[in-house]
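Q: To be precise about what I am sending: the file is called query.cif and holds mmCIF, C-alpha atoms.
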data_run
#
loop_
_atom_site.label_atom_id
_atom_site.label_comp_id
_atom_site.auth_asym_id
_atom_site.auth_seq_id
_atom_site.Cartn_x
_atom_site.Cartn_y
_atom_site.Cartn_z
CA MET A 1 -18.95 -52.35 52.89
CA ASN A 2 -15.79 -50.30 53.10
CA GLY A 3 -14.36 -52.08 50.06
CA LYS A 4 -17.49 -51.38 47.98
CA ASN A 5 -17.56 -47.78 49.12
CA PHE A 6 -14.01 -47.26 47.83
CA ARG A 7 -14.39 -49.24 44.56
CA LEU A 8 -17.39 -47.20 43.32
CA PRO A 9 -15.62 -43.80 43.40
CA ALA A 10 -12.59 -45.36 41.75
CA ARG A 11 -14.69 -46.56 38.80
CA ARG A 12 -16.38 -43.18 38.51
CA LEU A 13 -13.02 -41.45 38.61
CA ALA A 14 -11.74 -43.58 35.73
CA THR A 15 -14.87 -42.89 33.66
CA VAL A 16 -14.73 -39.14 34.23
CA ALA A 17 -11.00 -38.95 33.48
CA THR A 18 -11.45 -40.87 30.22
CA ALA A 19 -14.32 -38.68 29.06
CA THR A 20 -12.37 -35.54 29.92
CA ALA A 21 -9.30 -36.67 27.99
CA LEU A 22 -11.34 -37.58 24.88
CA ALA A 23 -13.26 -34.31 24.96
CA ALA A 24 -10.14 -32.22 25.43
CA GLY A 25 -8.22 -33.91 22.59
CA PRO A 26 -9.94 -32.20 19.63
CA ALA A 27 -9.82 -28.79 21.35
CA VAL A 28 -6.10 -29.02 22.00
CA LEU A 29 -5.34 -30.07 18.42
CA ALA A 30 -7.55 -27.36 16.97
CA GLY A 31 -5.89 -24.69 19.08
CA ALA A 32 -2.41 -25.78 18.07
CA GLY A 33 -3.17 -25.46 14.35
CA SER A 34 -5.18 -22.19 14.31
CA ALA A 35 -3.72 -18.92 12.91
CA HIS A 36 -4.97 -15.55 11.68
CA ALA A 37 -3.64 -14.15 8.39
CA THR A 38 -3.96 -10.54 7.28
CA GLY A 39 -3.73 -9.60 3.59
CA ASP A 40 -2.44 -6.40 2.03
CA GLN A 41 -4.70 -5.29 -0.81
CA GLY A 42 -2.26 -2.78 -2.30
CA HIS A 43 -2.42 0.96 -2.91
CA ALA A 44 -2.24 3.38 -5.85
CA SER A 45 -2.34 7.15 -6.29
CA ALA A 46 -2.19 9.68 -9.09
CA VAL A 47 -2.15 13.47 -9.32
CA VAL A 48 -1.98 15.83 -12.31
CA LEU A 49 -0.70 18.89 -10.43
CA ARG A 50 0.60 19.46 -6.93
CA THR A 51 2.17 22.69 -5.71
CA GLY A 52 4.17 23.49 -2.63
CA LEU A 53 4.86 27.17 -3.25
CA ASP A 54 5.20 30.17 -0.94
CA VAL A 55 3.94 33.48 -2.32
CA SER A 56 5.25 36.67 -0.68
CA LEU A 57 3.30 39.83 -1.43
CA LEU A 58 4.14 43.50 -0.89
CA ASN A 59 7.78 43.20 0.13
CA LYS A 60 7.11 40.01 2.08
CA THR A 61 4.63 41.69 4.39
CA VAL A 62 2.06 39.10 3.37
CA ASN A 63 2.91 35.42 2.96
CA VAL A 64 0.42 33.10 1.29
CA PRO A 65 1.07 29.37 0.81
CA LEU A 66 0.08 28.29 -2.67
CA ALA A 67 -0.91 24.67 -2.06
CA VAL A 68 -3.01 23.31 -4.90
CA SER A 69 -3.75 19.77 -6.05
CA LEU A 70 -5.55 18.94 -9.29
CA ASN A 71 -7.14 15.56 -9.93
CA GLN A 72 -5.59 13.83 -6.93
CA VAL A 73 -6.96 10.31 -6.50
CA GLU A 74 -6.07 7.32 -4.35
CA ALA A 75 -7.14 3.67 -4.18
CA PRO A 76 -7.81 0.81 -2.93
CA ARG A 77 -11.17 2.28 -3.82
CA SER A 78 -10.61 2.90 -7.53
CA ALA A 79 -11.19 6.48 -8.67
CA GLU A 80 -10.72 8.79 -11.64
CA LYS A 81 -10.83 12.58 -12.05
CA THR A 82 -10.70 14.76 -15.16
CA ALA A 83 -10.88 18.41 -14.02
CA LEU A 84 -9.16 20.76 -16.49
CA SER A 85 -8.23 23.73 -14.30
CA ALA A 86 -7.04 24.63 -10.81
CA THR A 87 -7.89 27.98 -9.22
CA LEU A 88 -6.57 29.69 -6.10
CA ASN A 89 -8.18 32.58 -4.21
CA GLY A 90 -6.56 35.33 -2.14
CA VAL A 91 -3.32 35.95 -4.07
CA ASP A 92 -4.40 38.24 -6.91
CA GLY A 93 -6.14 41.21 -5.30
CA GLY A 94 -9.02 39.07 -4.13
CA LYS A 95 -9.75 37.70 -7.61
CA PRO A 96 -9.56 33.97 -8.45
CA PHE A 97 -6.16 33.05 -9.83
CA ASN A 98 -5.95 30.28 -12.40
CA VAL A 99 -2.88 28.14 -11.61
CA LEU A 100 -3.34 25.52 -14.34
CA ALA A 101 -5.43 25.21 -17.48
CA ALA A 102 -5.37 22.23 -19.84
CA GLN A 103 -7.22 20.66 -22.74
CA ALA A 104 -6.86 17.22 -21.16
CA ALA A 105 -6.04 16.32 -17.59
CA SER A 106 -6.88 13.00 -15.98
CA ALA A 107 -5.72 10.88 -13.07
CA ARG A 108 -6.67 7.28 -12.36
CA ALA A 109 -5.92 4.92 -9.47
CA THR A 110 -6.96 1.26 -9.68
CA VAL A 111 -6.46 -1.65 -7.29
CA THR A 112 -7.56 -5.26 -7.90
CA SER A 113 -6.82 -8.48 -6.04
CA GLY A 114 -3.42 -8.89 -7.67
CA ARG A 115 -2.53 -5.50 -9.17
CA ALA A 116 -2.27 -1.78 -8.29
CA GLU A 117 -1.88 0.93 -10.92
CA GLY A 118 -1.66 4.73 -10.97
CA TYR A 119 -1.88 6.71 -14.21
CA THR A 120 -1.86 10.42 -15.15
CA ASN A 121 -2.22 12.27 -18.43
CA LEU A 122 -1.81 16.00 -19.06
CA ALA A 123 -2.02 17.65 -22.49
CA HIS A 124 -1.80 21.19 -23.84
CA ALA A 125 -1.39 22.67 -20.39
CA SER A 126 -0.01 25.92 -19.00
CA VAL A 127 0.90 26.76 -15.41
CA HIS A 128 0.88 30.31 -14.00
CA VAL A 129 2.07 31.76 -10.70
CA PRO A 130 1.20 35.12 -9.09
CA GLY A 131 3.29 38.03 -10.32
CA LEU A 132 3.41 36.68 -13.87
CA PRO A 133 -0.14 37.13 -15.18
CA LEU A 134 0.85 37.11 -18.86
CA LEU A 135 3.84 34.76 -18.82
CA SER A 136 3.46 31.03 -18.23
CA LEU A 137 5.75 29.39 -15.73
CA ILE A 138 5.66 26.31 -17.94
CA GLU A 139 3.78 25.15 -21.04
CA ILE A 140 3.73 21.53 -22.19
CA GLU A 141 2.17 19.61 -25.06
CA LYS A 142 1.73 16.27 -23.33
CA VAL A 143 3.12 14.26 -20.43
CA THR A 144 2.07 10.92 -18.96
CA SER A 145 3.15 8.88 -15.96
CA GLU A 146 2.29 5.32 -15.05
CA ALA A 147 3.19 3.10 -12.09
CA THR A 148 2.23 -0.57 -12.17
CA CYS A 149 2.70 -3.00 -9.27
CA ALA A 150 1.59 -6.62 -9.71
CA ALA A 151 1.74 -9.14 -6.87
CA GLY A 152 4.88 -11.23 -7.05
CA LYS A 153 6.38 -9.21 -9.95
CA THR A 154 8.87 -6.38 -10.30
CA PRO A 155 7.11 -2.95 -10.17
CA VAL A 156 7.37 -0.72 -13.25
CA ALA A 157 7.44 3.11 -13.37
CA THR A 158 7.38 5.07 -16.65
CA SER A 159 7.03 8.73 -17.68
CA ASN A 160 6.78 10.11 -21.19
CA LEU A 161 7.16 13.65 -22.47
CA LEU A 162 5.67 14.21 -25.92
CA GLY A 163 6.12 17.47 -27.77
CA SER A 164 7.70 20.75 -26.77
CA VAL A 165 8.19 22.42 -23.40
CA SER A 166 8.48 26.15 -22.70
CA VAL A 167 9.66 27.60 -19.39
CA LEU A 168 9.24 31.33 -18.67
CA GLY A 169 8.62 31.89 -22.35
CA LYS A 170 11.72 29.97 -23.52
CA LYS A 171 11.62 26.63 -25.34
CA VAL A 172 13.85 24.12 -23.61
CA THR A 173 15.24 20.70 -24.36
CA LEU A 174 14.96 18.33 -21.42
CA THR A 175 17.10 15.29 -20.69
CA THR A 176 15.41 12.18 -19.31
CA GLY A 177 16.53 11.59 -15.76
CA GLY A 178 18.53 14.83 -15.78
CA THR A 179 18.23 18.40 -14.54
CA THR A 180 17.73 21.51 -16.65
CA ASP A 181 18.16 25.09 -15.35
CA VAL A 182 16.29 27.95 -16.99
CA LYS A 183 17.15 31.52 -16.01
CA VAL A 184 15.41 34.61 -17.32
CA PRO A 185 16.93 37.95 -16.22
CA GLY A 186 14.48 40.17 -14.43
CA VAL A 187 12.00 37.32 -14.00
CA GLY A 188 13.51 34.41 -12.14
CA GLU A 189 14.79 30.88 -12.54
CA VAL A 190 13.36 27.38 -12.71
CA ARG A 191 15.10 24.04 -12.28
CA LEU A 192 13.39 21.09 -13.94
CA ASP A 193 13.78 17.36 -13.32
CA LEU A 194 12.32 15.19 -16.08
CA SER A 195 11.07 11.65 -15.64
CA LYS A 196 11.95 10.87 -12.05
CA ARG A 197 11.37 7.17 -11.38
CA GLU A 198 11.80 5.11 -8.24
CA THR A 199 11.10 1.42 -7.63
CA THR A 200 11.51 -1.06 -4.79
CA SER A 201 10.55 -4.73 -4.52
CA ARG A 202 6.87 -3.79 -4.09
CA THR A 203 6.49 -0.07 -4.90
CA ALA A 204 6.93 2.26 -7.85
CA ALA A 205 6.68 6.02 -8.39
CA ALA A 206 6.89 8.03 -11.60
CA THR A 207 6.93 11.84 -11.90
CA ALA A 208 6.84 13.40 -15.36
CA LEU A 209 8.10 16.83 -14.30
CA GLU A 210 9.26 18.34 -11.03
CA LEU A 211 10.05 22.05 -10.92
CA LYS A 212 11.98 24.03 -8.35
CA VAL A 213 10.80 27.63 -8.76
CA SER A 214 12.25 30.98 -7.72
CA VAL A 215 10.46 33.91 -9.35
CA ASN A 216 10.68 37.63 -8.47
CA PRO A 217 9.72 39.68 -11.55
CA LEU A 218 12.08 42.63 -11.98
CA LYS A 219 12.89 42.34 -8.26
CA LEU A 220 9.85 44.48 -7.51
CA ASN A 221 8.88 42.24 -4.57
CA VAL A 222 5.26 42.57 -5.63
CA ALA A 223 4.90 38.82 -5.77
CA GLU A 224 7.85 36.57 -5.00
CA VAL A 225 7.25 32.87 -5.52
CA GLU A 226 9.46 30.04 -4.28
CA GLY A 227 8.98 26.31 -3.84
CA THR A 228 8.27 23.17 -5.83
CA LEU A 229 5.70 22.11 -8.38
CA THR A 230 4.95 18.55 -9.53
CA LEU A 231 3.26 17.56 -12.78
CA ALA A 232 1.85 14.12 -13.58
CA LYS A 233 2.81 11.80 -10.75
CA ALA A 234 1.71 8.19 -10.25
CA THR A 235 2.53 5.71 -7.48
CA CYS A 236 1.64 2.15 -6.55
CA GLU A 237 2.23 -0.53 -3.95
CA ALA A 238 1.67 -4.15 -4.94
CA PRO A 239 -0.88 -6.32 -3.16
CA ALA A 240 0.68 -9.06 -1.06
CA ALA A 241 1.40 -12.20 -3.06
CA ALA A 242 -0.72 -15.20 -2.12
CA ALA A 243 1.13 -17.80 -0.03
CA PRO A 244 1.79 -21.03 -1.95
CA GLN A 245 -0.42 -23.92 -0.84
CA SER A 246 1.19 -27.22 0.16
CA PRO A 247 0.11 -30.19 -1.96
CA ALA A 248 -2.11 -32.80 -0.27
CA PRO A 249 -0.14 -35.82 1.02
CA SER A 250 -0.37 -38.82 -1.28
CA ALA A 251 -1.40 -42.27 -0.07
CA PRO A 252 1.50 -44.71 0.52
CA ALA A 253 2.09 -47.24 -2.23
CA GLY A 254 1.79 -50.97 -1.72
CA ASP A 255 -0.78 -53.31 -0.18
CA THR A 256 -2.91 -51.98 2.66
CA LYS A 257 -3.88 -54.32 5.46
CA PRO A 258 -7.36 -53.87 6.92
CA GLN A 259 -7.42 -52.55 10.46
CA GLY A 260 -8.13 -55.16 13.07
CA GLY A 261 -6.80 -57.96 10.85
CA GLU A 262 -4.24 -60.52 11.78
CA GLY A 263 -1.10 -58.96 13.23
CA SER A 264 -2.50 -55.44 13.04
CA GLY A 265 -1.59 -52.82 15.67
CA LEU A 266 -0.31 -49.28 16.17
CA ALA A 267 3.25 -50.33 15.55
CA GLU A 268 2.30 -51.71 12.10
CA THR A 269 -0.34 -49.25 10.93
CA GLY A 270 1.33 -46.13 12.31
CA GLY A 271 -1.91 -44.95 13.97
CA ASN A 272 -4.64 -42.77 12.56
CA SER A 273 -6.51 -39.54 13.35
CA MET A 274 -8.01 -41.09 16.53
CA THR A 275 -4.64 -42.14 17.92
CA PRO A 276 -4.15 -39.04 20.17
CA TYR A 277 -7.60 -39.53 21.70
CA ILE A 278 -7.14 -43.26 22.31
CA ALA A 279 -3.74 -42.64 23.87
CA GLY A 280 -5.15 -39.88 26.04
CA GLY A 281 -8.03 -42.09 27.21
CA ALA A 282 -5.70 -44.95 28.00
CA LEU A 283 -3.48 -42.68 30.05
CA ALA A 284 -6.50 -41.42 31.99
CA LEU A 285 -7.60 -45.01 32.70
CA VAL A 286 -4.15 -45.94 33.96
CA VAL A 287 -4.05 -42.96 36.29
CA ALA A 288 -7.59 -43.57 37.55
CA GLY A 289 -6.94 -47.30 38.03
CA GLY A 290 -3.80 -46.63 40.00
CA GLY A 291 -5.73 -44.27 42.23
CA ALA A 292 -8.48 -46.83 42.78
CA VAL A 293 -5.97 -49.53 43.73
CA ALA A 294 -4.27 -47.22 46.20
CA LEU A 295 -7.58 -46.31 47.78
CA ALA A 296 -8.65 -49.95 48.01
CA ARG A 297 -5.41 -50.97 49.71
CA ARG A 298 -5.70 -48.10 52.14
CA GLY A 299 -9.30 -49.16 52.94
CA ARG A 300 -8.27 -52.75 53.68
CA GLY A 301 -5.50 -51.47 55.92
#
Using C-alpha cells, write down the structure from this file.
A:
Amino acid sequence: MNGKNFRLPARRLATVATATALAAGPAVLAGAGSAHATGDQGHASAVVLRTGLDVSLLNKTVNVPLAVSLNQVEAPRSAEKTALSATLNGVDGGKPFNVLAAQAASARATVTSGRAEGYTNLAHASVHVPGLPLLSLIEIEKVTSEATCAAGKTPVATSNLLGSVSVLGKKVTLTTGGTTDVKVPGVGEVRLDLSKRETTSRTAAATALELKVSVNPLKLNVAEVEGTLTLAKATCEAPAAAAPQSPAPSAPAGDTKPQGGEGSGLAETGGNSMTPYIAGGALALVVAGGGAVALARRGRG
C-alpha cells in the first residue's frame, strides 16, 4: 500500500512537469525575440517672413516687440499658405501697420514616408518698419528657398535670388554666402546675409535673406527699430531610413534523409523547431523520475 501511495504522486509529478515545460517553451522563445521599433516620420517647415524686431517709440518710453510671421507652415501634416501681406497693430498711432506686401508669397511643407521638403517663394515684395512710412526697408523682385531631405540620402538646401534688391532706397549687389552692409545717413543701417545654407546628415535649412536692422530716422527717436528679419526660409529633417531586412535562410544542398529513417537522430539531423520543447520535456521527466525513485526508496525504508 505504501509503495502504491508513493508511486502514484511520482507519476503525476512527471506528467505535470512535462506539460509545464512544453507549455512554457513557446512563451520563453517568443519573449526572447520580441522588440518594439519606433519610426521617425520626418519634419519640414517653411516661412515667407519672420521678424524679431524691437520698436522703441517716443524716446524709448514705449517699447513694442514687432514679432510677425507670414505664411509659416510645418509638417508632418502637409500644409501650404499664400497670404500676400502681414499687418501689425499698435505701432503706428493705433492704425494697422503693413509690414510686408507682395504680389506672390507662398510657403509649403510636405512630408511623405521617405521624404520631407520645405519650400518658399516671394516675389515683388516690399518690407516696411515703423518710422519709415514712405521708405521701404527692403524691396526684392524674387527669392526662393528649398530644403529637401530624403531618407538615406544627403540633404540639400538651396536659395535663389532673382532680380534686383533695394535696401533703404539704395540698389545693392549681394554676394551669395556673404555679408553686405548698407548705411544711409540720417536713416540707419542694415546688414544683409544672402543665401544662408546649413546641412547635416539628416537635416537642411535654407534662408534666402537675413537682415540685421538698426533704424533711427534722423535720430529723432520717434521710432527706433532694431533686431533681425528673415525672408524665405525652408527647413527639413529626413524620415528615418528603413532597416534592411535579412534574407531568408536557404535550404542546405545535398540529399535529405527522412526523419525517423535508418540512423536518424538529433546528432545527424541537427534538430528542428520542436527540439527545445522535446529537450525541455525530457529534462522534466528526468527530474520527476529521480524524485519518484527517491520517494519510493524512502517509503521502503
Q: Between A:Val184, A:Leu231, A:Val213, A:Ala107, single out the one closest to A:Asn160, counting only C-alpha atoms.
A: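 The closest residue to A:Asn160 is A:Leu231.
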Q: Can you measure atom CA of A:Gly177 to atom CA of A:Cys149 for me? One decimal in Å is fine.
A: 21.1 Å
Q: When you draw a straight line from atom CA of A:Pro76 to atom CA of A:Leu194, how long is it in Å?
A: 28.0 Å
Q: To one decimal place, how far is atom CA of A:Val156 from atom CA of A:Gln103 in Å?
A: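 Separation between atom CA of A:Val156 and atom CA of A:Gln103: 27.6 Å.
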Q: Nearest residue to A:Leu70 out of A:Thr110, A:Ser164, A:Asn121, A:Ser159, using only C-alpha atoms?
A: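 Closest candidate: A:Asn121.
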Q: With a distance cut-off of 8 Å and all atoms listed in the file, select the neighbouring residues of stretch 44-55 of chain A, excluding the residue or stretch itself and same-chain residues fewer than 2 positions from it, and output the selection as a PyMOL selection string.
A: chain A and resi 42+57+63-76+91+105-111+116-122+130+223-237
